[in-house]
$ cat upload_9.txt   # compact mmCIF, C-alpha atoms
# COMPACT_ATOMS: atom_id res chain seq x y z
CA MET A 1 146.00 45.47 133.03
CA THR A 2 147.68 44.58 136.29
CA TYR A 3 146.34 43.85 139.76
CA ALA A 4 147.65 47.20 140.91
CA SER A 5 145.52 49.14 138.42
CA MET A 6 142.32 47.23 139.15
CA THR A 7 139.39 49.17 140.54
CA GLU A 8 137.56 48.20 143.73
CA GLY A 9 134.60 47.10 141.63
CA GLN A 10 136.72 44.83 139.46
CA LEU A 11 138.38 43.34 142.50
CA ASP A 12 134.98 42.68 144.10
CA ALA A 13 133.74 41.01 140.93
CA LEU A 14 136.80 38.78 140.84
CA LYS A 15 136.36 37.94 144.52
CA GLU A 16 132.73 37.04 143.95
CA ILE A 17 133.35 34.63 141.07
CA SER A 18 136.19 33.19 143.11
CA ASN A 19 133.82 32.59 146.01
CA ILE A 20 131.34 30.80 143.79
CA GLY A 21 134.10 28.71 142.25
CA MET A 22 135.37 27.76 145.70
CA GLY A 23 131.83 26.77 146.73
CA HIS A 24 131.71 24.28 143.87
CA ALA A 25 135.17 23.02 144.79
CA ALA A 26 134.03 22.44 148.39
CA THR A 27 131.03 20.42 147.18
CA ALA A 28 133.37 18.27 145.14
CA LEU A 29 135.63 17.77 148.16
CA SER A 30 132.72 16.82 150.42
CA GLN A 31 131.61 14.17 147.93
CA LEU A 32 135.15 12.89 147.84
CA ILE A 33 135.61 12.46 151.59
CA GLY A 34 131.98 11.50 152.19
CA GLU A 35 131.17 14.14 154.76
CA THR A 36 129.83 17.63 154.64
CA VAL A 37 132.60 20.13 154.06
CA TYR A 38 132.14 23.60 155.40
CA LEU A 39 134.04 26.25 153.65
CA ARG A 40 135.33 29.47 155.02
CA VAL A 41 136.99 32.11 152.92
CA PRO A 42 138.59 34.30 155.55
CA ARG A 43 140.63 36.40 153.20
CA ILE A 44 140.89 37.32 149.56
CA THR A 45 143.82 39.58 149.05
CA VAL A 46 145.86 41.20 146.38
CA THR A 47 149.26 40.95 147.92
CA ASP A 48 152.88 41.70 147.19
CA ILE A 49 154.61 38.59 145.84
CA GLY A 50 157.30 38.86 148.50
CA GLN A 51 154.67 38.54 151.24
CA VAL A 52 153.08 35.32 149.96
CA PRO A 53 155.32 32.91 151.94
CA GLU A 54 154.53 34.88 155.13
CA LEU A 55 150.80 34.46 154.55
CA LEU A 56 151.37 30.72 154.37
CA GLY A 57 152.93 30.72 157.83
CA GLY A 58 156.56 31.43 156.92
CA ALA A 59 158.92 30.53 154.10
CA GLU A 60 160.41 27.55 155.95
CA ARG A 61 157.16 25.90 156.98
CA VAL A 62 156.70 22.54 155.24
CA VAL A 63 153.72 22.45 152.91
CA ALA A 64 152.26 20.33 150.14
CA GLY A 65 151.72 22.31 146.96
CA VAL A 66 149.71 21.18 143.96
CA THR A 67 149.91 23.31 140.86
CA LEU A 68 147.87 23.19 137.66
CA GLN A 69 148.00 25.36 134.60
CA ILE A 70 144.80 26.97 133.40
CA LEU A 71 144.28 26.41 129.68
CA GLY A 72 141.54 27.60 127.36
CA ASP A 73 140.11 31.10 126.88
CA ALA A 74 142.09 32.48 129.79
CA ARG A 75 145.50 31.34 130.97
CA GLY A 76 147.20 31.25 134.31
CA ASN A 77 147.97 28.99 137.22
CA ILE A 78 146.16 27.53 140.16
CA LEU A 79 148.22 26.78 143.24
CA LEU A 80 146.79 24.82 146.11
CA ILE A 81 148.81 24.80 149.33
CA PHE A 82 148.13 22.56 152.32
CA PRO A 83 150.21 22.87 155.48
CA ALA A 84 151.99 19.51 156.02
CA GLU A 85 149.73 18.41 158.90
CA SER A 86 146.57 19.32 156.97
CA ALA A 87 147.80 17.45 153.90
CA LEU A 88 148.45 14.31 155.96
CA ARG A 89 145.06 14.63 157.69
CA LEU A 90 143.34 14.95 154.34
CA ILE A 91 145.10 11.86 152.98
CA SER A 92 144.33 9.86 156.10
CA ARG A 93 140.67 10.75 155.89
CA LEU A 94 140.47 9.93 152.20
CA LEU A 95 142.28 6.63 152.52
CA GLY A 96 140.80 5.71 155.90
CA LYS A 97 144.21 5.44 157.54
CA GLU A 98 145.52 6.65 160.86
CA ALA A 99 147.12 10.08 160.51
CA GLU A 100 149.60 9.62 163.38
CA GLY A 101 153.18 9.21 162.26
CA MET A 102 152.22 9.11 158.62
CA ALA A 103 154.72 10.06 155.94
CA LEU A 104 153.92 11.14 152.42
CA ASP A 105 154.26 8.05 150.21
CA GLU A 106 153.47 7.55 146.55
CA LEU A 107 149.83 6.78 147.24
CA GLY A 108 149.55 9.90 149.39
CA GLU A 109 151.15 12.00 146.67
CA SER A 110 148.78 10.82 143.98
CA THR A 111 145.84 11.29 146.38
CA LEU A 112 146.83 14.92 146.92
CA LYS A 113 147.24 15.49 143.18
CA GLU A 114 143.80 14.05 142.62
CA VAL A 115 142.35 16.36 145.29
CA GLY A 116 144.03 19.27 143.52
CA ASN A 117 142.63 18.12 140.22
CA ILE A 118 139.07 17.82 141.55
CA LEU A 119 139.15 21.18 143.34
CA ALA A 120 140.66 22.98 140.38
CA SER A 121 138.28 21.38 137.88
CA ALA A 122 135.24 22.25 139.99
CA TYR A 123 136.51 25.78 140.46
CA LEU A 124 137.31 26.34 136.79
CA SER A 125 134.11 24.81 135.45
CA ALA A 126 132.01 26.98 137.80
CA MET A 127 133.94 30.05 136.76
CA GLY A 128 133.77 29.12 133.08
CA SER A 129 130.04 28.54 132.99
CA LEU A 130 129.46 31.74 134.93
CA LEU A 131 131.55 33.79 132.52
CA HIS A 132 130.73 31.84 129.36
CA ILE A 133 134.33 30.97 128.68
CA THR A 134 136.14 27.64 128.52
CA LEU A 135 138.71 26.94 131.23
CA ILE A 136 140.52 23.59 131.43
CA PRO A 137 143.05 22.47 134.04
CA SER A 138 146.31 20.77 133.03
CA ILE A 139 147.56 17.67 134.85
CA PRO A 140 148.50 18.44 138.48
CA LEU A 141 152.10 18.58 139.71
CA LEU A 142 153.07 18.19 143.35
CA ALA A 143 155.87 19.36 145.64
CA PHE A 144 156.26 18.72 149.38
CA ASP A 145 158.82 21.14 150.78
CA MET A 146 159.42 24.58 152.33
CA ALA A 147 156.60 27.00 151.54
CA GLY A 148 158.94 29.60 150.07
CA ALA A 149 160.42 27.08 147.67
CA VAL A 150 157.06 25.61 146.68
CA VAL A 151 155.48 28.94 145.79
CA ASP A 152 158.42 30.66 144.18
CA CYS A 153 158.29 29.00 140.77
CA VAL A 154 154.66 30.00 140.37
CA LEU A 155 155.42 33.49 141.65
CA ILE A 156 158.27 33.76 139.17
CA GLU A 157 155.88 33.31 136.25
CA LEU A 158 153.76 36.06 137.70
CA SER A 159 156.59 38.38 138.59
CA GLN A 160 157.61 38.76 134.96
CA ALA A 161 154.70 41.15 134.58
CA SER A 162 153.64 42.24 138.04
CA ASP A 163 154.69 42.23 141.68
CA LEU A 164 151.25 41.33 142.99
CA ALA A 165 149.32 38.08 143.39
CA LEU A 166 145.62 37.45 143.90
CA MET A 167 145.25 35.04 146.78
CA VAL A 168 142.10 33.31 147.94
CA GLU A 169 142.59 31.73 151.32
CA THR A 170 140.24 28.86 152.06
CA GLU A 171 139.65 26.69 155.09
CA PHE A 172 137.91 23.35 154.83
CA HIS A 173 136.16 21.95 157.88
CA GLY A 174 134.49 18.58 158.19
CA LYS A 175 131.19 18.38 160.05
CA GLU A 176 132.76 16.60 163.02
CA PRO A 177 133.59 19.40 165.44
CA ASN A 178 136.14 17.23 167.29
CA LEU A 179 138.13 16.54 164.14
CA GLU A 180 141.07 18.79 163.42
CA PRO A 181 140.29 21.19 160.57
CA ILE A 182 141.94 20.75 157.21
CA LYS A 183 143.25 24.08 156.07
CA GLY A 184 144.14 24.97 152.56
CA HIS A 185 145.17 28.03 150.62
CA PHE A 186 143.92 28.47 147.12
CA PHE A 187 145.70 30.82 144.75
CA LEU A 188 144.25 31.97 141.49
CA LEU A 189 147.02 33.45 139.43
CA PRO A 190 145.73 34.65 136.06
CA ASP A 191 148.34 35.66 133.49
CA PRO A 192 148.20 39.43 133.11
CA GLY A 193 146.86 39.15 129.55
CA SER A 194 144.14 36.83 130.79
CA LEU A 195 143.10 39.16 133.58
CA ASP A 196 141.59 41.35 130.85
CA VAL A 197 139.65 38.37 129.50
CA LEU A 198 138.29 37.59 132.95
CA LEU A 199 137.37 41.18 133.74
CA ARG A 200 135.66 41.66 130.38
CA ALA A 201 133.66 38.49 131.03
CA VAL A 202 132.72 39.75 134.49
CA GLY A 203 131.55 42.98 132.92
CA GLY A 204 134.02 45.28 134.59
CA LYS A 205 135.18 48.24 132.57
CA GLU A 206 138.82 48.39 131.63
CA MET B 207 175.57 37.81 169.82
CA ASN B 208 175.20 37.96 166.09
CA SER B 209 172.65 40.01 164.21
CA ARG B 210 170.50 38.20 161.68
CA ILE B 211 169.51 40.18 158.63
CA ARG B 212 166.72 38.72 156.58
CA VAL B 213 167.01 39.05 152.81
CA GLY B 214 163.54 38.97 151.22
CA ILE B 215 162.49 38.00 147.71
CA SER B 216 164.02 40.41 145.12
CA GLU B 217 166.31 41.96 147.73
CA PHE B 218 169.99 42.03 148.51
CA HIS B 219 171.98 43.08 151.57
CA VAL B 220 175.64 43.94 152.01
CA ALA B 221 177.04 43.75 155.55
CA ARG B 222 180.00 43.07 157.83
CA ALA B 223 180.52 40.84 160.88
CA PRO B 224 178.78 40.14 163.24
CA ALA B 225 175.92 40.08 160.71
CA VAL B 226 174.38 36.81 159.56
CA LEU B 227 172.56 37.18 156.25
CA VAL B 228 169.66 34.77 155.84
CA THR B 229 167.23 34.00 153.04
CA TYR B 230 164.52 31.37 153.45
CA GLY B 231 162.95 28.85 151.13
CA LEU B 232 164.72 29.20 147.80
CA GLY B 233 163.03 27.02 145.18
CA SER B 234 163.81 27.95 141.60
CA CYS B 235 164.95 31.31 142.96
CA LEU B 236 168.69 31.75 143.17
CA GLY B 237 170.60 32.89 146.25
CA ILE B 238 173.88 34.66 145.44
CA VAL B 239 176.64 35.13 148.02
CA LEU B 240 179.46 37.55 147.19
CA CYS B 241 182.29 38.41 149.54
CA ASP B 242 185.71 39.98 149.92
CA ARG B 243 186.99 38.14 152.95
CA GLU B 244 190.08 40.28 153.39
CA ASN B 245 187.99 43.44 153.69
CA GLY B 246 185.31 41.74 155.73
CA VAL B 247 182.50 42.70 153.36
CA GLY B 248 179.87 40.24 152.15
CA GLY B 249 176.46 40.24 150.55
CA LEU B 250 173.52 37.97 149.84
CA ALA B 251 170.84 38.33 147.14
CA HIS B 252 167.55 36.47 146.60
CA THR B 253 166.79 36.64 142.88
CA LEU B 254 163.77 35.42 140.91
CA LEU B 255 164.54 35.70 137.21
CA PRO B 256 167.63 35.51 134.97
CA SER B 257 167.42 38.97 133.43
CA LEU B 258 165.14 41.82 132.51
CA ARG B 259 163.17 41.31 129.32
CA PRO B 260 163.66 44.16 126.89
CA GLY B 261 160.79 46.61 126.69
CA ILE B 262 159.48 46.03 130.19
CA ARG B 263 159.71 48.76 132.78
CA GLU B 264 160.99 47.44 136.03
CA VAL B 265 161.68 49.12 139.33
CA ARG B 266 163.16 46.27 141.38
CA MET B 267 166.38 45.56 139.56
CA SER B 268 167.51 43.19 142.30
CA LYS B 269 164.81 40.79 141.14
CA PHE B 270 167.12 39.66 138.34
CA VAL B 271 170.24 37.52 138.63
CA ASP B 272 172.43 39.65 136.36
CA THR B 273 171.48 43.07 137.71
CA ALA B 274 171.47 41.89 141.35
CA ILE B 275 175.06 40.69 140.98
CA ARG B 276 176.16 43.98 139.39
CA LEU B 277 174.35 46.12 141.97
CA MET B 278 175.71 44.06 144.84
CA VAL B 279 179.29 44.37 143.53
CA GLU B 280 178.89 48.16 143.29
CA GLU B 281 177.55 48.34 146.84
CA MET B 282 180.42 46.19 148.10
CA LEU B 283 182.99 48.41 146.37
CA LEU B 284 181.42 51.43 148.10
CA GLN B 285 181.85 49.64 151.40
CA GLY B 286 185.52 49.02 150.82
CA ALA B 287 185.72 45.72 148.94
CA LEU B 288 188.22 45.24 146.13
CA ARG B 289 186.79 43.93 142.89
CA GLU B 290 189.64 41.48 142.25
CA ARG B 291 189.13 39.87 145.65
CA ILE B 292 185.39 39.24 145.39
CA VAL B 293 184.35 35.58 145.16
CA ALA B 294 180.90 34.06 144.73
CA VAL B 295 178.77 31.12 145.91
CA ILE B 296 175.39 30.35 144.34
CA VAL B 297 172.59 28.32 145.93
CA GLY B 298 169.12 27.31 144.68
CA GLY B 299 167.80 27.15 141.14
CA ALA B 300 165.81 23.98 141.80
CA ASN B 301 162.85 22.80 139.78
CA MET B 302 160.24 22.07 142.41
CA PHE B 303 157.50 20.65 140.22
CA GLU B 304 158.81 17.93 137.96
CA PRO B 305 156.52 17.26 135.01
CA PRO B 306 156.15 13.60 133.93
CA GLY B 307 158.28 14.19 130.83
CA GLY B 308 161.22 15.45 132.93
CA VAL B 309 162.39 18.97 133.61
CA PRO B 310 162.52 21.04 130.41
CA ALA B 311 165.90 22.52 129.50
CA ASN B 312 164.50 26.05 129.70
CA ALA B 313 163.11 25.61 133.23
CA ILE B 314 163.41 28.81 135.23
CA GLY B 315 165.70 27.34 137.91
CA THR B 316 168.15 26.11 135.27
CA ARG B 317 168.07 29.47 133.48
CA ASN B 318 168.77 31.31 136.75
CA ILE B 319 171.85 29.13 137.35
CA SER B 320 173.31 29.74 133.91
CA ALA B 321 172.56 33.47 134.12
CA ALA B 322 174.58 33.60 137.34
CA ARG B 323 177.51 31.65 135.87
CA ASP B 324 177.53 33.88 132.77
CA THR B 325 177.34 37.15 134.72
CA LEU B 326 180.07 36.10 137.16
CA GLN B 327 182.29 35.09 134.25
CA ALA B 328 181.65 38.38 132.45
CA LEU B 329 182.63 40.28 135.61
CA ASN B 330 185.62 38.00 136.16
CA LEU B 331 184.45 36.94 139.61
CA PRO B 332 185.44 33.38 140.63
CA LEU B 333 182.57 31.01 141.46
CA LEU B 334 183.91 29.31 144.58
CA ALA B 335 181.15 26.78 145.14
CA GLU B 336 177.59 26.04 144.17
CA ASP B 337 174.72 24.03 145.63
CA VAL B 338 172.17 24.17 142.85
CA GLY B 339 169.51 22.26 140.93
CA GLY B 340 167.52 19.26 142.08
CA ASN B 341 163.87 19.39 143.11
CA TYR B 342 164.09 20.59 146.70
CA GLY B 343 164.02 23.90 148.54
CA ARG B 344 166.95 25.50 150.35
CA THR B 345 167.55 28.09 153.04
CA VAL B 346 170.85 30.01 153.06
CA GLU B 347 172.63 31.46 156.09
CA PHE B 348 175.81 33.42 155.47
CA ASP B 349 177.73 34.11 158.69
CA LEU B 350 180.16 36.99 158.13
CA ALA B 351 182.06 36.21 161.32
CA THR B 352 182.91 32.60 160.43
CA TRP B 353 182.72 32.94 156.59
CA GLN B 354 180.52 29.90 156.44
CA VAL B 355 177.54 29.52 154.15
CA ALA B 356 175.04 27.05 155.63
CA VAL B 357 172.61 25.50 153.15
CA ARG B 358 169.62 23.90 154.87
CA SER B 359 167.03 21.66 153.26
CA VAL B 360 164.14 19.75 154.78
CA ARG B 361 164.59 16.97 152.26
CA THR B 362 168.33 16.37 152.08
CA GLY B 363 169.78 17.78 155.29
CA ASP B 364 172.38 20.50 155.80
CA ARG B 365 175.61 21.40 154.09
CA ILE B 366 178.27 23.91 155.10
CA ILE B 367 180.32 25.74 152.49
CA SER B 368 183.41 27.48 153.90
CA ILE B 369 184.71 30.49 152.05
$ encode --input "upload_9.txt" --output "structure tokens"
Amino acid sequence: MTYASMTEGQLDALKEISNIGMGHAATALSQLIGETVYLRVPRITVTDIGQVPELLGGAERVVAGVTLQILGDARGNILLIFPAESALRLISRLLGKEAEGMALDELGESTLKEVGNILASAYLSAMGSLLHITLIPSIPLLAFDMAGAVVDCVLIELSQASDLALMVETEFHGKEPNLEPIKGHFFLLPDPGSLDVLLRAVGGKE
Amino acid sequence: MNSRIRVGISEFHVARAPAVLVTYGLGSCLGIVLCDRENGVGGLAHTLLPSLRPGIREVRMSKFVDTAIRLMVEEMLLQGALRERIVAVIVGGANMFEPPGGVPANAIGTRNISAARDTLQALNLPLLAEDVGGNYGRTVEFDLATWQVAVRSVRTGDRIISI
């Protein structure tokens, strides 16, 4: 089973459980920053691996990437990408610091990893209980660099079997309309063998 | 006025001056520059994986370090290069996400680098310079008019390799 051979119905099912998982992740994030977080999922796409850096705003754009492995009944990776300015805004809001002129220090790095951990855990536990399977996230790893470089190691894993990636784009907004939005991109990258597990659990025919 | 040619993921391009071959944001991917300066022919590849696993059907052979090098050499020969004059520069092969226990020896970036060294040695092509490893991303610009390979990084600054 590959993304290319998925039917419309299977893709819709995967999008739907992804939406629900992201909803839980947003709730977790809103508890973390102490304000209501509105979530928008503008796009869920199955895209060519080569196009992924473009969707993130260009291969040279600086981003913060947090990656976690999915362990348990299904395997794969979760990759969370924040554009540099959104990452710094998120840290400043979480730590109650001024965002202006902020650089990413050790505290900022571990804050971002923790955000990744909370979002991924909320997402996976929602998905797991929905599908009656166990999904556990590994410890988060972080990189702050060019988008192309940050995503390529995760894409490499994927490209051994397929040239397509399932990408869920997500935007987080706080309730303050005058605050700059924090944007994030959430990638769910199931291993090809695990895509079957997920689709069976969703009830899609193979 | 030069003409910039963008080399995407799993692609390679062979060109002549005034072309500038560019590939953006190499992480564990490996950028491979080959050129025959005397004949004015050069190429750049953006590869993802060391080599094709047996038993897997694959259409994009330029995704792999070993096949991309071989295909690029063939293309350069067609465009007038001489095999014994071709030299190589490799860039990239970083390990962007460092696990707490350190980078494993079989990390993909490291495997890409050794695949390139092995393939170049097997083809008897000299490896002129390399800017590889570490945990940061790189962009490569190969100017066929000046024979300079510019390696840019947002974390460590720029470096120019002259061929």
$ residues_around --input "upload_9.txt" --residues "region 15-25 of chain A" --least-positions-apart "4" --cutoff "8 Å" --atoms "all atoms listed in the file" --output "list in words"
Leu11, Leu29, Leu39, Val41, Ile44, Ile118, Leu119, Ala120, Ser121, Ala122, Tyr123, Leu124, Ser125, Ala126, Met127, Leu130 and Val168 of chain A
$ residues_near_point --input "upload_9.txt" --point "(180.0, 37.9, 137.5)" --cutoff "10 Å" --atoms "only C-alpha atoms" --output "number ranges by chain"
B: 240, 271-273, 275-276, 279, 292-294, 321-333
$ atom_distance --input "upload_9.txt" --atom1 "CA of Val360 (chain B)" --atom2 "CA of Leu227 (chain B)"
19.4 Å
$ interface_residues --input "upload_9.txt" --of "chain B" --to "chain A" --cutoff "8 Å" --atoms "all atoms listed in the file" --output "PyMOL selection string"
chain B and resi 214-216+230-235+254-255+301-305+314+342-345+360-361
$ residues_around --input "upload_9.txt" --residues "Val338 (chain B)" --least-positions-apart "5" --cutoff "6 Å" --atoms "only C-alpha atoms" --output "JSON list (two decimals) with C-alpha atoms, in the frame of the given file"
[["chain", "number", "residue", "atom", "x", "y", "z"],
["B", 297, "VAL", "CA", 172.59, 28.32, 145.93],
["B", 298, "GLY", "CA", 169.12, 27.31, 144.68],
["B", 299, "GLY", "CA", 167.80, 27.15, 141.14]]
$ atom_distance --input "upload_9.txt" --atom1 "CA of Leu88 (chain A)" --atom2 "CA of Glu35 (chain A)"
17.3 Å
$ atom_distance --input "upload_9.txt" --atom1 "CA of Ser209 (chain B)" --atom2 "CA of Gly363 (chain B)"
24.1 Å
$ residues_around --input "upload_9.txt" --residues "Pro83 (chain A)" --least-positions-apart "3" --cutoff "7 Å" --atoms "only C-alpha atoms" --output "JSON, numbers by chain"
{"A": [62, 63, 64, 86, 87]}
$ closest_residue --input "upload_9.txt" --among "A:Leu80, A:Ile133, A:Ala201, A:Leu95" --to "Leu188 (chain A)" --atoms "all atoms listed in the file"
A:Leu80
